[in-house]
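**Student:** Structure file query-v1.txt (compact mmCIF, C-alpha atoms) is given on the next line.
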```
# COMPACT_ATOMS: atom_id res chain seq x y z
CA MET A 1 107.03 66.27 45.39
CA THR A 2 104.04 68.60 45.24
CA SER A 3 104.71 71.95 43.65
CA LEU A 4 105.22 74.58 46.34
CA ASN A 5 103.07 77.65 45.97
CA PHE A 6 104.68 80.39 48.01
CA ASP A 7 102.71 83.40 49.20
CA ALA A 8 103.83 86.62 47.57
CA GLN A 9 105.65 88.60 50.27
CA ASP A 10 107.72 91.62 49.33
CA GLY A 11 111.39 91.53 50.24
CA ILE A 12 111.56 87.81 51.05
CA LEU A 13 114.01 85.58 49.19
CA ARG A 14 113.30 81.85 48.98
CA SER A 15 115.78 79.22 47.87
CA PHE A 16 116.88 75.65 48.47
CA SER A 17 120.28 74.76 49.91
CA ASP A 18 122.15 71.48 50.25
CA ALA A 19 124.27 72.92 53.06
CA PRO A 20 122.86 72.73 56.60
CA PRO A 21 122.46 75.88 58.71
CA THR A 22 125.74 77.16 60.11
CA HIS A 23 124.73 78.16 63.60
CA TYR A 24 121.83 76.15 65.02
CA THR A 25 119.39 73.31 64.32
CA VAL A 26 116.16 72.44 66.13
CA LYS A 27 114.58 69.02 65.67
CA ILE A 28 110.99 68.75 66.91
CA GLN A 29 109.58 65.27 67.36
CA SER A 30 105.89 64.51 68.02
CA LEU A 31 105.15 68.00 66.77
CA SER A 32 101.39 67.49 66.86
CA LEU A 33 101.55 67.13 70.64
CA LEU A 34 102.46 70.81 70.97
CA ALA A 35 98.92 71.83 70.13
CA LYS A 36 97.40 68.95 72.11
CA ASN A 37 99.25 70.22 75.18
CA SER A 38 98.14 73.81 74.55
CA LEU A 39 101.63 74.96 73.54
CA GLU A 40 101.07 77.78 71.09
CA LYS A 41 104.78 78.12 70.41
CA TYR A 42 108.14 76.47 71.00
CA GLU A 43 111.22 78.47 71.99
CA SER A 44 114.60 76.89 71.39
CA GLY A 45 117.52 77.13 73.76
CA ASP A 46 119.97 79.99 73.42
CA PHE A 47 122.79 79.75 70.89
CA GLU A 48 125.61 82.12 70.00
CA ALA A 49 126.40 83.77 66.68
CA GLY A 50 128.33 86.93 65.93
CA GLY A 51 129.06 87.49 69.61
CA TYR A 52 125.40 87.56 70.64
CA LYS A 53 122.89 85.02 71.95
CA TRP A 54 119.82 84.10 69.94
CA LYS A 55 116.94 81.65 69.90
CA LEU A 56 114.35 80.39 67.43
CA VAL A 57 110.63 80.71 68.13
CA PHE A 58 108.27 78.45 66.18
CA TYR A 59 104.47 78.71 65.99
CA PRO A 60 103.13 75.45 64.47
CA ASN A 61 99.67 76.95 63.91
CA GLY A 62 100.76 80.51 63.17
CA ASN A 63 101.32 83.46 65.43
CA LYS A 64 97.80 84.27 66.67
CA GLY A 65 99.09 87.48 68.22
CA ARG A 66 99.68 88.75 64.69
CA ASN A 67 96.47 87.24 63.28
CA VAL A 68 98.31 84.62 61.24
CA LYS A 69 96.08 81.90 59.81
CA ASP A 70 96.77 78.73 57.81
CA HIS A 71 100.56 79.14 58.07
CA ILE A 72 103.46 78.27 60.32
CA SER A 73 105.44 81.20 61.78
CA LEU A 74 109.16 81.24 62.52
CA TYR A 75 111.24 83.98 64.14
CA LEU A 76 114.77 84.77 65.21
CA VAL A 77 114.95 86.43 68.64
CA MET A 78 117.90 88.14 70.33
CA SER A 79 118.12 86.33 73.62
CA GLY A 80 120.27 86.02 76.72
CA ALA A 81 119.63 87.22 80.27
CA ASN A 82 120.15 90.90 79.46
CA ALA A 83 118.67 91.10 75.97
CA SER A 84 116.07 93.69 76.96
CA GLN A 85 118.80 95.90 78.44
CA ILE A 86 121.23 95.78 75.52
CA SER A 87 122.87 99.13 74.89
CA ARG A 88 123.71 98.46 71.25
CA GLU A 89 121.91 98.22 67.95
CA VAL A 90 122.83 95.01 66.15
CA TYR A 91 122.40 94.88 62.38
CA ALA A 92 122.21 91.31 61.07
CA VAL A 93 121.39 89.32 57.98
CA PHE A 94 119.79 86.00 58.86
CA ARG A 95 118.48 82.92 57.07
CA LEU A 96 115.91 80.51 58.51
CA PHE A 97 115.87 76.88 57.36
CA LEU A 98 113.35 74.04 57.06
CA LEU A 99 114.59 70.56 56.17
CA ASP A 100 113.10 68.59 53.28
CA GLN A 101 113.58 65.14 54.81
CA ASN A 102 112.86 63.44 51.50
CA LYS A 103 115.67 65.07 49.56
CA GLY A 104 117.99 66.10 52.39
CA ASN A 105 118.08 69.75 51.41
CA TYR A 106 116.66 72.86 53.03
CA LEU A 107 114.05 75.44 52.19
CA VAL A 108 115.65 78.79 53.10
CA LEU A 109 113.90 82.10 53.73
CA GLN A 110 115.86 85.33 53.90
CA GLU A 111 114.93 88.99 53.88
CA GLN A 112 116.60 91.14 51.24
CA ASN A 113 117.76 93.74 53.75
CA GLU A 114 119.59 93.52 57.04
CA ARG A 115 117.49 93.87 60.16
CA ARG A 116 118.15 96.02 63.22
CA PHE A 117 117.84 94.25 66.58
CA HIS A 118 117.68 96.43 69.69
CA ALA A 119 116.11 96.62 73.15
CA MET A 120 112.64 97.53 71.85
CA LYS A 121 112.70 95.17 68.85
CA LEU A 122 114.32 91.85 69.71
CA ASP A 123 112.63 89.63 67.11
CA TRP A 124 112.46 89.42 63.33
CA GLY A 125 111.24 86.63 61.12
CA PHE A 126 108.36 85.38 59.05
CA ASP A 127 104.69 85.44 60.04
CA GLN A 128 103.87 83.30 57.00
CA PHE A 129 106.94 81.12 56.75
CA LEU A 130 105.04 78.39 54.90
CA SER A 131 101.39 77.48 54.43
CA GLN A 132 100.02 74.70 56.62
CA LYS A 133 99.04 72.81 53.47
CA SER A 134 102.59 72.79 52.08
CA PHE A 135 104.11 72.11 55.52
CA THR A 136 102.00 69.03 56.22
CA GLU A 137 102.05 67.56 52.71
CA ALA A 138 104.14 64.39 53.15
CA SER A 139 105.57 64.55 49.62
CA ASN A 140 107.24 67.85 50.47
CA GLY A 141 109.22 66.21 53.28
CA PHE A 142 108.93 69.04 55.79
CA LEU A 143 106.87 67.04 58.29
CA LEU A 144 107.57 63.31 58.32
CA ASP A 145 106.65 60.93 61.14
CA ASP A 146 105.43 64.00 63.04
CA THR A 147 108.99 65.35 63.02
CA SER A 148 110.35 68.58 61.58
CA VAL A 149 113.81 70.20 61.53
CA PHE A 150 114.49 73.96 61.55
CA GLY A 151 117.68 75.98 61.59
CA ALA A 152 119.27 79.40 61.51
CA GLU A 153 122.28 81.32 60.22
CA ILE A 154 123.05 84.82 61.48
CA PHE A 155 125.68 87.19 60.16
CA VAL A 156 126.17 90.35 62.19
CA CYS A 157 126.94 93.19 59.79
CA LYS A 158 127.56 96.03 62.22
CA GLU A 159 126.69 97.32 65.63
CA ARG A 160 126.60 100.66 67.29
CA SER A 161 125.86 102.06 70.72
CA THR A 162 122.37 103.36 71.33
CA CYS A 163 121.40 106.33 73.42
CA LYS A 164 120.67 105.65 77.05
CA GLY A 165 117.09 105.67 78.26
CA GLU A 166 114.61 104.24 80.68
CA CYS A 167 111.11 102.77 80.72
CA LEU A 168 108.65 103.63 83.49
CA SER A 169 105.87 101.13 84.22
CA MET A 170 103.14 102.14 86.66
CA VAL A 171 101.06 99.51 88.44
CA LYS A 172 97.32 99.63 87.91
CA ASP A 173 95.29 98.71 91.00
CA ALA A 174 98.41 98.34 93.15
CA VAL A 175 97.94 96.11 96.19
CA MET A 176 99.16 96.98 99.68
CA TYR A 177 101.04 94.30 101.63
CA LYS A 178 101.21 94.38 105.44
CA HIS A 179 104.05 92.77 107.39
CA VAL A 180 104.05 92.37 111.17
CA TRP A 181 107.31 91.96 113.09
CA LYS A 182 107.15 90.91 116.75
CA ILE A 183 110.36 91.57 118.72
CA ASP A 184 110.63 89.84 122.10
CA ASN A 185 113.13 90.69 124.87
CA PHE A 186 113.52 94.17 123.42
CA SER A 187 115.53 95.46 126.40
CA LYS A 188 118.21 92.87 125.68
CA LEU A 189 118.89 94.02 122.10
CA ASN A 190 122.55 94.95 121.92
CA GLU A 191 123.37 95.01 118.21
CA GLU A 192 123.54 98.24 116.20
CA PHE A 193 120.55 97.22 114.07
CA TYR A 194 118.19 94.33 113.38
CA ASP A 195 116.42 93.17 110.22
CA SER A 196 112.94 91.69 110.02
CA LYS A 197 112.23 88.60 107.99
CA THR A 198 112.05 89.26 104.26
CA PHE A 199 108.61 89.84 102.79
CA ILE A 200 107.35 90.47 99.27
CA SER A 201 105.34 93.40 97.94
CA GLY A 202 105.00 94.30 94.28
CA ASP A 203 107.28 91.40 93.23
CA GLN A 204 110.11 92.93 95.28
CA LYS A 205 111.73 91.62 98.46
CA TRP A 206 111.66 94.00 101.42
CA LYS A 207 112.67 94.13 105.06
CA ILE A 208 112.26 96.44 108.04
CA GLN A 209 115.45 97.74 109.66
CA LEU A 210 115.37 98.78 113.29
CA TYR A 211 118.13 100.60 115.18
CA PRO A 212 117.24 100.22 118.89
CA LYS A 213 119.73 102.92 119.99
CA GLY A 214 119.31 105.14 116.95
CA LYS A 215 121.18 105.97 113.78
CA GLY A 216 122.76 109.17 112.47
CA ASN A 217 121.30 112.21 114.23
CA GLY A 218 119.14 109.92 116.35
CA ILE A 219 121.94 107.99 118.07
CA GLY A 220 121.45 107.83 121.83
CA THR A 221 118.13 109.69 121.84
CA HIS A 222 115.79 107.94 119.41
CA LEU A 223 114.88 104.60 117.90
CA SER A 224 115.48 104.68 114.12
CA LEU A 225 113.24 102.76 111.70
CA TYR A 226 113.59 102.10 107.96
CA LEU A 227 112.04 100.25 105.06
CA ALA A 228 114.72 98.66 102.87
CA LEU A 229 115.11 96.51 99.79
CA ALA A 230 116.16 93.05 100.99
CA ASP A 231 118.35 92.30 97.98
CA PRO A 232 119.23 95.56 96.19
CA LYS A 233 122.19 94.04 94.35
CA SER A 234 119.80 91.85 92.36
CA LEU A 235 118.27 94.89 90.63
CA PRO A 236 119.44 95.51 87.07
CA PRO A 237 121.61 98.63 86.68
CA GLY A 238 119.50 101.77 86.46
CA SER A 239 116.38 100.16 87.94
CA LYS A 240 114.33 101.82 90.66
CA ILE A 241 111.05 101.06 92.45
CA TYR A 242 108.51 103.62 93.62
CA ALA A 243 106.62 102.69 96.78
CA ASP A 244 104.28 104.25 99.35
CA PHE A 245 104.75 102.88 102.82
CA THR A 246 103.79 103.25 106.46
CA LEU A 247 105.98 102.13 109.35
CA ARG A 248 104.30 101.74 112.71
CA ILE A 249 105.15 100.76 116.28
CA LEU A 250 102.02 99.50 118.01
CA ASP A 251 100.79 100.83 121.34
CA GLN A 252 99.60 97.50 122.69
CA VAL A 253 97.69 99.10 125.58
CA ASN A 254 96.04 102.29 124.34
CA ALA A 255 96.16 101.76 120.54
CA ARG A 256 97.80 105.20 120.15
CA HIS A 257 100.32 103.91 117.65
CA GLN A 258 103.45 105.74 116.56
CA PHE A 259 103.72 105.82 112.77
CA GLY A 260 105.40 107.49 109.83
CA LYS A 261 104.26 107.65 106.20
CA GLY A 262 106.56 108.07 103.24
CA ASN A 263 107.15 107.43 99.54
CA PHE A 264 110.45 106.92 97.82
CA TRP A 265 112.22 105.69 94.70
CA PHE A 266 114.21 102.70 95.95
CA SER A 267 117.26 101.50 93.99
CA ALA A 268 120.53 99.63 94.40
CA SER A 269 122.27 102.91 95.28
CA ASN A 270 119.43 104.09 97.55
CA PRO A 271 118.03 100.87 99.03
CA GLU A 272 116.41 102.27 102.21
CA TRP A 273 114.31 105.13 103.49
CA GLY A 274 113.01 105.95 106.93
CA TRP A 275 113.50 108.05 110.02
CA TRP A 276 116.55 108.67 112.21
CA ARG A 277 114.25 110.02 114.90
CA PHE A 278 111.22 107.77 114.70
CA ILE A 279 110.44 107.82 118.42
CA THR A 280 112.38 109.03 121.46
CA LEU A 281 113.81 106.29 123.66
CA GLY A 282 112.16 107.86 126.68
CA PHE A 283 108.70 107.89 125.09
CA LEU A 284 109.22 104.35 123.78
CA SER A 285 109.90 102.97 127.25
CA GLN A 286 107.52 105.19 129.20
CA ALA A 287 105.35 103.24 131.62
CA GLY A 288 101.75 102.89 130.55
CA MET A 289 102.38 103.76 126.88
CA GLY A 290 102.23 100.18 125.64
CA PHE A 291 105.04 100.30 123.06
CA LEU A 292 107.02 97.74 125.08
CA SER A 293 104.37 95.55 126.62
CA LYS A 294 106.03 92.71 128.55
CA ASP A 295 109.30 93.72 126.86
CA THR A 296 107.80 93.00 123.44
CA CYS A 297 107.75 95.51 120.59
CA ILE A 298 105.47 95.04 117.58
CA VAL A 299 106.45 96.79 114.33
CA GLU A 300 104.31 96.93 111.21
CA ALA A 301 105.09 97.86 107.63
CA GLU A 302 102.47 98.54 104.97
CA VAL A 303 104.04 98.70 101.51
CA THR A 304 102.41 99.48 98.15
CA VAL A 305 104.55 99.39 95.00
CA HIS A 306 103.15 101.81 92.44
CA GLY A 307 105.75 101.61 89.68
CA ASN A 308 109.21 100.70 88.52
CA SER A 309 111.66 102.19 86.09
CA ASN A 310 114.21 100.13 84.15
CA ALA A 311 117.06 101.17 81.93
CA LEU A 312 116.67 100.57 78.20
```
How does this structure look as structure tokens?
**Tutor:**
Amino acid sequence: MTSLNFDAQDGILRSFSDAPPTHYTVKIQSLSLLAKNSLEKYESGDFEAGGYKWKLVFYPNGNKGRNVKDHISLYLVMSGANASQISREVYAVFRLFLLDQNKGNYLVLQEQNERRFHAMKLDWGFDQFLSQKSFTEASNGFLLDDTSVFGAEIFVCKERSTCKGECLSMVKDAVMYKHVWKIDNFSKLNEEFYDSKTFISGDQKWKIQLYPKGKGNGIGTHLSLYLALADPKSLPPGSKIYADFTLRILDQVNARHQFGKGNFWFSASNPEWGWWRFITLGFLSQAGMGFLSKDTCIVEAEVTVHGNSNAL
């Protein structure tokens, strides 16, 4: 076995262990094909340890995002569907493993101090886990027959609740989406309200809601019109979306359209915004106005999502 020359990195403990990793093992076969298929990294599946979900992330040619050269990089990442919304700080000691397939033992890297995982820092690990030269040297046993085996142990030391917060992300060069809804046989509408087909703007699903006989203070005198989130229950708790929008009923004869402009923070608790009194029923049906040409009403929505806010 070639002598291993480890890079001097403060606070990193290196050892060899005959015992396999306690919590998870990743075996990568045909490892060289990762690079040939333009895969800069490999992310393992989720596994559980200490009551939390984790995954391993391996960079066979080093983490270019951190300017790593001539080394492999290996990280432990807090995972799971809601990792970015965790409301706790998790302090953990972890060990990352690399199997010496010649001797059957493991190279183990461990930081001297526990690390704090939280919503804004989900990953810890080693940019320079091992040099490419040592990793690929066959006599070291780390890469044999284009196969390598990694592993992880995690021991959660403590956890505590974090303060609540939110993150606002504004959209640069936001794009407006226009949706057209054609409603035939308008005079025969007898339900309280009708929904348009779902459409997408700003990665969110939307719909137009129309109340042909009015809603709230507009019942019996006005048509009511709203823009609404199509699936508000799918939003994470505390999330909201800021949008500018225009709702319009087309005058199909004179092009004197009836419209309303608004902006609103949409959320699961406030999924719609619009007008009780969008247009009077008398004006809507007035002869020669063109809002109900051949008993057909055409409604348009123009929606631009400018930002979203998510809970931390």
**Student:** Rank nothing, just name the residue among A:Asp295, A:Glu300, A:Glu111, A:Asp123 nearest to Thr246 (chain A), using all atoms listed in the file.
**Tutor:** A:Glu300
**Student:** For Lys69 (chain A), please output as a CSV table (one decimal) with C-alpha atoms, in the frame of the given file all residues within 12 Å (counting all atoms listed in the file; exclusion window: fewer than 2 positions along the same chain).
**Tutor:**
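selection_29.csv, freshly written:
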```
chain,number,residue,atom,x,y,z
A,59,TYR,CA,104.5,78.7,66.0
A,60,PRO,CA,103.1,75.4,64.5
A,61,ASN,CA,99.7,77.0,63.9
A,62,GLY,CA,100.8,80.5,63.2
A,63,ASN,CA,101.3,83.5,65.4
A,64,LYS,CA,97.8,84.3,66.7
A,65,GLY,CA,99.1,87.5,68.2
A,66,ARG,CA,99.7,88.8,64.7
A,67,ASN,CA,96.5,87.2,63.3
A,71,HIS,CA,100.6,79.1,58.1
A,72,ILE,CA,103.5,78.3,60.3
A,73,SER,CA,105.4,81.2,61.8
A,127,ASP,CA,104.7,85.4,60.0
A,128,GLN,CA,103.9,83.3,57.0
A,129,PHE,CA,106.9,81.1,56.8
A,130,LEU,CA,105.0,78.4,54.9
A,131,SER,CA,101.4,77.5,54.4
A,132,GLN,CA,100.0,74.7,56.6
A,133,LYS,CA,99.0,72.8,53.5
```
**Student:** What does the structure give for the distance between CA of Ser79 (chain A) and CA of Val93 (chain A), in Å to one decimal?
**Tutor:** 16.3 Å
**Student:** May I ask for the distance between CA of Lys197 (chain A) and CA of Ala287 (chain A), given in Å to one decimal place?
**Tutor:** 28.6 Å
**Student:** Please compute the CA of Tyr91 (chain A)-CA of His118 (chain A) distance, one decimal, in Å.
**Tutor:**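 Calculated distance between CA of Tyr91 (chain A) and CA of His118 (chain A) is 8.8 Å.
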**Student:** Name the closest residue to Trp276 (chain A) among the candidates A:Ser38, A:Asn254, A:Asn217, A:Ser234; distances are taken between atoms, counting only C-alpha atoms.
**Tutor:**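 Checking each of A:Ser38, A:Asn254, A:Asn217, A:Ser234 against Trp276 (chain A), counting only C-alpha atoms, the winner is A:Asn217.
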**Student:** Mind checking which residues fall within 9 Å of Phe186 (chain A), counting only C-alpha atoms, ignoring those fewer than 6 positions away in the same chain, and posting them as a ChimeraX atom specification?
**Tutor:** /A:212,292,295-297
**Student:** So that I can see what lies close to Trp273 (chain A), please list as a PyMOL selection string the residues with an atom at most 10 Å from it, counting all atoms listed in the file and leaving out residues fewer than 5 positions away in the same chain.
**Tutor:** chain A and resi 209+225-229+245+262-266
**Student:** Nearest residue to Ile183 (chain A) out of A:Leu76, A:Cys167, A:Ile208, A:Val68, using all atoms listed in the file?
**Tutor:** A:Ile208
**Student:** Please determine, counting all atoms listed in the file, which residue among A:Arg248, A:Leu281, A:Ala255, A:Ser169 has the shortest atom-to-atom distance to His222 (chain A).
**Tutor:**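 For His222 (chain A), the nearest of the given residues is A:Leu281.
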**Student:** Here's a test: counting all atoms listed in the file, identify every protein, DNA and RNA residue with an atom at most 12 Å from (116.1, 107.1, 115.4) in the file's coordinate frame, and state them as a VMD selection string.
**Tutor:** chain A and resid 192 to 193 209 to 226 274 to 282 284
**Student:** Please, could you write that set of residues out with C-alpha atoms as an mmCIF file, keeping the file's coordinate frame?
**Tutor:**
```cif
data_model
loop_
_atom_site.group_PDB
_atom_site.id
_atom_site.type_symbol
_atom_site.label_atom_id
_atom_site.label_comp_id
_atom_site.auth_asym_id
_atom_site.auth_seq_id
_atom_site.Cartn_x
_atom_site.Cartn_y
_atom_site.Cartn_z
ATOM 1 C CA GLU A 192 123.540 98.240 116.200
ATOM 2 C CA PHE A 193 120.550 97.220 114.070
ATOM 3 C CA GLN A 209 115.450 97.740 109.660
ATOM 4 C CA LEU A 210 115.370 98.780 113.290
ATOM 5 C CA TYR A 211 118.130 100.600 115.180
ATOM 6 C CA PRO A 212 117.240 100.220 118.890
ATOM 7 C CA LYS A 213 119.730 102.920 119.990
ATOM 8 C CA GLY A 214 119.310 105.140 116.950
ATOM 9 C CA LYS A 215 121.180 105.970 113.780
ATOM 10 C CA GLY A 216 122.760 109.170 112.470
ATOM 11 C CA ASN A 217 121.300 112.210 114.230
ATOM 12 C CA GLY A 218 119.140 109.920 116.350
ATOM 13 C CA ILE A 219 121.940 107.990 118.070
ATOM 14 C CA GLY A 220 121.450 107.830 121.830
ATOM 15 C CA THR A 221 118.130 109.690 121.840
ATOM 16 C CA HIS A 222 115.790 107.940 119.410
ATOM 17 C CA LEU A 223 114.880 104.600 117.900
ATOM 18 C CA SER A 224 115.480 104.680 114.120
ATOM 19 C CA LEU A 225 113.240 102.760 111.700
ATOM 20 C CA TYR A 226 113.590 102.100 107.960
ATOM 21 C CA GLY A 274 113.010 105.950 106.930
ATOM 22 C CA TRP A 275 113.500 108.050 110.020
ATOM 23 C CA TRP A 276 116.550 108.670 112.210
ATOM 24 C CA ARG A 277 114.250 110.020 114.900
ATOM 25 C CA PHE A 278 111.220 107.770 114.700
ATOM 26 C CA ILE A 279 110.440 107.820 118.420
ATOM 27 C CA THR A 280 112.380 109.030 121.460
ATOM 28 C CA LEU A 281 113.810 106.290 123.660
ATOM 29 C CA GLY A 282 112.160 107.860 126.680
ATOM 30 C CA LEU A 284 109.220 104.350 123.780
#
```
